[in-house]
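Participant: To be precise about what I am sending: the file is called target11.txt and holds compact mmCIF, C-alpha atoms.
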# COMPACT_ATOMS: atom_id res chain seq x y z
CA MET A 881 -12.63 11.05 5.64
CA ALA A 882 -12.34 7.78 3.68
CA PHE A 883 -8.87 6.85 2.52
CA THR A 884 -8.30 3.66 0.54
CA ARG A 885 -5.62 2.59 3.05
CA PRO A 886 -5.12 2.95 6.83
CA MET A 887 -4.76 6.63 7.70
CA ASP A 888 -1.26 6.31 9.19
CA GLU A 889 0.03 4.75 5.99
CA VAL A 890 -1.49 7.56 3.93
CA LEU A 891 0.05 10.12 6.30
CA VAL A 892 3.52 8.66 5.65
CA VAL A 893 2.89 8.74 1.90
CA LEU A 894 1.82 12.39 2.12
CA THR A 895 4.75 13.26 4.37
CA VAL A 896 7.24 11.81 1.88
CA LEU A 897 5.58 13.67 -1.00
CA ARG A 898 5.44 16.93 0.97
CA ARG A 899 9.10 16.69 2.01
CA LEU A 900 9.95 16.26 -1.66
CA GLY A 901 7.73 19.20 -2.64
CA SER A 902 5.45 16.95 -4.71
CA ASP A 903 2.16 16.74 -2.84
CA SER A 904 0.32 19.26 -5.01
CA ILE A 905 -2.39 17.94 -7.34
CA SER A 906 -3.67 21.21 -8.74
CA LYS A 907 -2.23 20.75 -12.25
CA LEU A 908 -1.94 17.67 -14.47
CA ASP A 909 1.86 17.89 -14.34
CA ASP A 910 1.72 17.95 -10.51
CA ARG A 911 -0.50 14.88 -10.45
CA ILE A 912 1.77 12.96 -12.81
CA ARG A 913 4.80 13.96 -10.75
CA SER A 914 3.28 12.91 -7.41
CA GLN A 915 2.28 9.55 -8.92
CA LYS A 916 5.79 8.90 -10.23
CA ILE A 917 7.53 10.08 -7.05
CA GLN A 918 5.37 7.72 -5.02
CA TYR A 919 6.26 4.89 -7.44
CA VAL A 920 9.97 5.58 -6.94
CA ALA A 921 9.55 6.09 -3.17
CA GLN A 922 8.09 2.58 -2.97
CA LEU A 923 11.13 1.20 -4.76
CA PHE A 924 13.40 2.95 -2.23
CA GLY A 925 11.30 1.42 0.59
CA VAL A 926 10.37 4.73 2.22
CA SER A 927 6.67 4.75 1.45
CA PRO A 928 3.85 2.18 1.83
CA ARG A 929 2.89 0.38 -1.35
CA TYR A 930 0.06 1.27 -3.66
CA GLY A 931 -0.92 -0.94 -6.60
CA TYR A 932 -0.05 0.57 -9.98
CA ASN A 933 -1.27 -0.05 -13.52
CA LEU A 934 0.14 1.26 -16.77
CA TYR A 935 -1.81 4.24 -18.10
CA LEU A 936 -1.28 6.93 -20.73
CA HIS A 937 1.32 8.75 -18.61
CA GLY A 938 3.04 5.63 -17.29
CA PRO A 939 2.46 3.75 -14.03
CA TYR A 940 -0.56 5.19 -12.23
CA SER A 941 -2.38 4.25 -9.04
CA PRO A 942 -6.11 5.14 -8.94
CA GLU A 943 -6.10 4.51 -5.14
CA LEU A 944 -3.26 6.99 -4.64
CA ALA A 945 -5.10 9.53 -6.80
CA ARG A 946 -8.22 9.06 -4.69
CA ASP A 947 -6.28 9.46 -1.44
CA LEU A 948 -4.52 12.61 -2.68
CA PHE A 949 -7.88 14.12 -3.61
CA THR A 950 -9.38 13.11 -0.27
CA TYR A 951 -6.46 14.75 1.52
CA SER A 952 -6.68 17.93 -0.56
CA GLU A 953 -10.32 18.30 0.49
CA ASN A 954 -9.59 17.49 4.16
CA PRO A 955 -5.99 18.51 4.93
CA LEU A 956 -4.45 16.90 8.03
CA LYS A 957 -1.43 18.03 9.99
CA LEU A 958 1.63 16.16 8.74
CA ASP A 959 4.60 15.22 10.90
CA LEU A 960 7.41 16.44 8.67
CA ARG A 961 10.25 15.51 11.01
CA PRO A 962 12.87 13.06 9.71
CA PHE A 963 12.17 9.36 10.02
CA GLY A 964 12.95 7.85 13.42
CA ALA A 965 15.37 5.19 12.17
CA ASN A 966 18.59 6.54 10.66
CA GLN A 967 18.57 3.85 7.99
CA LEU A 968 15.13 4.90 6.81
CA GLU A 969 16.06 8.58 6.79
CA SER A 970 19.20 7.74 4.84
CA ARG A 971 17.06 5.97 2.24
CA PHE A 972 14.85 9.04 2.06
CA ARG A 973 17.93 11.21 1.41
CA ASN A 974 18.97 8.87 -1.40
CA LEU A 975 15.50 9.13 -2.89
CA GLN A 976 15.62 12.91 -2.57
CA SER A 977 18.98 13.12 -4.35
CA PHE A 978 17.66 10.91 -7.11
CA VAL A 979 14.37 12.70 -7.82
CA GLU A 980 15.17 16.35 -7.12
CA ALA A 981 16.98 17.01 -10.40
CA LYS A 982 14.55 15.01 -12.54
CA ASN A 983 11.70 16.67 -14.41
CA THR A 984 8.26 15.08 -14.70
CA ARG A 985 8.85 13.75 -18.22
CA GLN A 986 12.07 12.05 -17.09
CA LEU A 987 10.33 10.47 -14.10
CA GLU A 988 7.51 9.27 -16.36
CA LEU A 989 10.01 7.62 -18.70
CA ILE A 990 12.03 6.06 -15.87
CA CYS A 991 8.94 4.62 -14.18
CA THR A 992 7.52 3.33 -17.48
CA TYR A 993 10.84 1.71 -18.42
CA HIS A 994 11.14 0.19 -14.96
CA TRP A 995 7.56 -1.11 -15.26
CA LEU A 996 8.23 -2.70 -18.63
CA LEU A 997 11.30 -4.46 -17.26
CA SER A 998 10.11 -5.51 -13.82
CA ILE A 999 6.35 -5.99 -14.18
CA VAL A 1000 5.89 -6.89 -17.84
CA GLY A 1001 9.20 -8.78 -17.80
CA LEU A 1002 10.51 -7.50 -21.13
CA THR A 1003 14.19 -7.75 -22.04
CA GLY A 1004 16.20 -4.51 -22.20
CA ASP A 1005 15.90 -4.27 -25.99
CA ALA A 1006 12.17 -5.05 -26.04
CA ALA A 1007 11.55 -2.52 -23.26
CA LYS A 1008 13.46 0.13 -25.24
CA THR A 1009 11.32 -0.49 -28.33
CA ARG A 1010 8.10 -0.47 -26.32
CA LEU A 1011 9.13 2.72 -24.50
CA LYS A 1012 9.75 4.43 -27.83
CA GLU A 1013 6.28 3.39 -29.05
CA LEU A 1014 4.42 4.26 -25.88
CA LYS A 1015 6.10 7.57 -25.12
CA GLN A 1016 7.19 8.76 -28.55
CA ALA A 1017 10.61 9.05 -26.96
CA SER A 1018 13.68 10.10 -28.93
CA ILE A 1019 16.87 7.99 -28.95
CA GLU A 1020 18.52 10.57 -26.67
CA GLU A 1021 15.62 10.37 -24.22
CA ILE A 1022 15.69 6.58 -24.24
CA ASN A 1023 19.43 6.41 -23.63
CA LEU A 1024 19.14 8.92 -20.82
CA THR A 1025 16.22 6.95 -19.33
CA ILE A 1026 18.26 3.74 -19.34
CA ALA A 1027 21.18 5.50 -17.65
CA MET A 1028 18.91 7.11 -15.03
CA THR A 1029 17.11 3.82 -14.34
CA ARG A 1030 20.50 2.21 -13.73
CA GLU A 1031 21.39 5.14 -11.45
CA MET A 1032 18.13 4.55 -9.55
CA GLU A 1033 18.76 0.82 -9.16
CA ASN A 1034 22.27 1.50 -7.86
CA ALA A 1035 20.94 4.09 -5.41
CA ILE A 1036 18.38 1.55 -4.15
CA LYS A 1037 21.04 -1.14 -3.75
CA ALA A 1038 23.22 1.31 -1.80
CA CYS A 1039 20.43 1.87 0.78
CA MET B 953 3.70 -6.57 12.27
CA GLN B 954 1.21 -4.65 14.38
CA SER B 955 0.35 -7.63 16.55
CA ARG B 956 4.09 -8.15 17.16
CA LEU B 957 4.42 -4.52 18.23
CA VAL B 958 1.54 -4.96 20.63
CA ARG B 959 3.17 -8.07 22.07
CA LEU B 960 6.45 -6.21 22.55
CA GLY B 961 4.60 -3.61 24.58
CA LYS B 962 4.53 0.11 25.08
CA ASP B 963 7.79 0.24 27.08
CA ASP B 964 9.66 -1.20 24.15
CA LEU B 965 8.18 1.44 21.90
CA ARG B 966 9.36 4.09 24.33
CA ASN B 967 12.86 2.59 24.43
CA TYR B 968 13.08 2.93 20.69
CA PHE B 969 13.63 6.63 21.12
CA ILE B 970 16.38 6.09 23.67
CA GLU B 971 18.51 3.31 22.29
CA ASP B 972 16.86 1.84 19.23
CA ALA B 973 15.88 -1.15 21.38
CA LEU B 974 12.69 -1.90 19.52
CA TYR B 975 14.57 -2.27 16.29
CA LYS B 976 17.06 -4.68 17.85
CA LYS B 977 14.36 -6.58 19.68
CA ILE B 978 12.26 -7.08 16.60
CA GLN B 979 15.34 -8.05 14.68
CA SER B 980 16.27 -10.76 17.19
CA ASN B 981 12.65 -11.83 17.59
CA LYS B 982 12.22 -12.26 13.85
CA MET B 983 15.48 -14.17 13.73
CA GLN B 984 14.09 -16.68 16.21
CA VAL B 985 10.78 -16.92 14.42
CA LEU B 986 12.35 -17.42 11.04
CA GLY B 987 15.33 -19.42 12.30
CA MET B 988 17.67 -17.23 10.32
CA ASP B 989 21.13 -15.92 11.10
CA LYS B 990 20.61 -12.86 9.04
CA ILE B 991 17.48 -11.07 7.92
CA PRO B 992 17.39 -10.30 4.19
CA ALA B 993 17.78 -6.60 3.40
CA SER B 994 14.51 -6.57 1.47
CA TYR B 995 12.70 -7.94 4.53
CA MET B 996 14.18 -5.31 6.83
CA ARG B 997 13.33 -2.65 4.28
CA ASN B 998 9.60 -3.26 4.81
CA GLN B 999 10.06 -3.93 8.50
CA LEU B 1000 11.59 -0.51 9.16
CA LEU B 1001 8.77 1.23 7.37
CA ASP B 1002 6.17 -0.76 9.32
CA ILE B 1003 7.86 0.26 12.56
CA GLU B 1004 7.90 3.91 11.48
CA ILE B 1005 4.19 3.82 10.63
CA SER B 1006 3.37 2.21 13.98
CA LEU B 1007 5.47 4.74 15.89
CA ARG B 1008 3.85 7.65 14.09
CA ARG B 1009 0.45 6.16 14.86
CA CYS B 1010 1.38 5.90 18.55
CA LYS B 1011 2.50 9.55 18.52
CA ARG B 1012 -0.63 10.70 16.72
CA LEU B 1013 -2.80 8.90 19.26
CA GLY B 1014 -0.81 10.35 22.15
CA ILE B 1015 0.61 6.98 23.33
CA LEU B 1016 4.10 8.28 22.68
CA ARG B 1017 5.51 11.79 22.62
Can you turn what I pasted into structure tokens?
Facilitator:
Amino acid sequence: MAFTRPMDEVLVVLTVLRRLGSDSISKLDDRIRSQKIQYVAQLFGVSPRYGYNLYLHGPYSPELARDLFTYSENPLKLDLRPFGANQLESRFRNLQSFVEAKNTRQLELICTYHWLLSIVGLTGDAAKTRLKELKQASIEEINLTIAMTREMENAIKAC
Amino acid sequence: MQSRLVRLGKDDLRNYFIEDALYKKIQSNKMQVLGMDKIPASYMRNQLLDIEISLRRCKRLGILR
């Protein structure tokens, strides 16, 4: 089995996704969701980092996609127990609270907006305009995305 | 990170489960190395995850229960 990263790192990635009910890759929506959850999990510091690029459905990691496919063809036993360090488990709980009520479209918008701000380095206004162009997002969606991104940043700071 | 864990030794890894000693030891060790009074939160963020991955690896390989 050839993962793109050391196996124990991939196992942690898969464990986080499984515990959040997002390790399935059978449908397009599932694949988008697992990509975005991993992106957010990296920001919360509970999952090893994959490199992301901006694609049609927002930030996407080809290496993560490859590892998820490799795993689906060769499933391994995952250790689904809580993290050993309380601080890490607490971060996971914060991540869980943040993502569980978000649908895939919302996660896609949040991750794309975050990408435009933090990776591209756009100002808030420029990122809003670009998000509208890229995602055909309505004003309501954009305002909600900004609020949820702020919620995410606060949750990360609280960890 | 992994070489530091190896240097700390298996007993320290085992202690982690009893009193979180590995965490404290690495924290103080890094403090000495970096000459810092306090480790930045962002640094510890990655550190904790590295420790978790190493511990899970040890458990998977049967070094730790």
Participant: Could you give me, as a tab-separated table, a per-residue list for stretch 884-1002 of chain A showing, wherever an atom lies at most 10 Å from an atom of stretch 1010-1019 of chain A, the closest pair of atoms and their distance in Å to one decimal, using only C-alpha atoms and sorting by chain then residue number from low to high?
Facilitator:
residue	atom	partner	partner_atom	distance
A:Tyr935	CA	A:Leu1014	CA	10.0
A:Leu936	CA	A:Leu1014	CA	8.1
A:His937	CA	A:Lys1015	CA	8.2
A:Gly938	CA	A:Lys1015	CA	8.6
A:Arg985	CA	A:Lys1015	CA	9.7
A:Glu988	CA	A:Lys1015	CA	9.0
A:Leu989	CA	A:Lys1015	CA	7.5
A:Ile990	CA	A:Leu1011	CA	9.7
A:Thr992	CA	A:Leu1011	CA	7.2
A:Tyr993	CA	A:Leu1011	CA	6.4
A:Leu996	CA	A:Arg1010	CA	8.0
A:Leu1002	CA	A:Arg1010	CA	9.1
Participant: Output the selection as a PDB file, in the frame of the given file - C-alpha atoms for each residue.
Facilitator:
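Contents of the output file selection_26.pdb:
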ATOM      1  CA  TYR A 935      -1.810   4.240 -18.100  1.00  0.00           C
ATOM      2  CA  LEU A 936      -1.280   6.930 -20.730  1.00  0.00           C
ATOM      3  CA  HIS A 937       1.320   8.750 -18.610  1.00  0.00           C
ATOM      4  CA  GLY A 938       3.040   5.630 -17.290  1.00  0.00           C
ATOM      5  CA  ARG A 985       8.850  13.750 -18.220  1.00  0.00           C
ATOM      6  CA  GLU A 988       7.510   9.270 -16.360  1.00  0.00           C
ATOM      7  CA  LEU A 989      10.010   7.620 -18.700  1.00  0.00           C
ATOM      8  CA  ILE A 990      12.030   6.060 -15.870  1.00  0.00           C
ATOM      9  CA  THR A 992       7.520   3.330 -17.480  1.00  0.00           C
ATOM     10  CA  TYR A 993      10.840   1.710 -18.420  1.00  0.00           C
ATOM     11  CA  LEU A 996       8.230  -2.700 -18.630  1.00  0.00           C
ATOM     12  CA  LEU A1002      10.510  -7.500 -21.130  1.00  0.00           C
TER      13      LEU A1002
END
Participant: Nearest residue to A:Glu889 out of A:Cys1039, A:Cys991, A:Leu968, A:Leu944, using all atoms listed in the file?
Facilitator: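 Nearest to A:Glu889: A:Leu944.
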Participant: Would you mind reading off the distance between atom CA of A:Gln922 and atom CA of A:Val1000, one decimal, in Å?
Facilitator: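 Answer for the atom CA of A:Gln922 to atom CA of A:Val1000 separation: 17.8 Å.
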Participant: Between atom CA of A:Glu1020 and atom CA of A:Arg971, what is the spacing in Å?
Facilitator: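 Computing the Euclidean distance for atom CA of A:Arg971 and atom CA of A:Glu1020 yields 29.3 Å.
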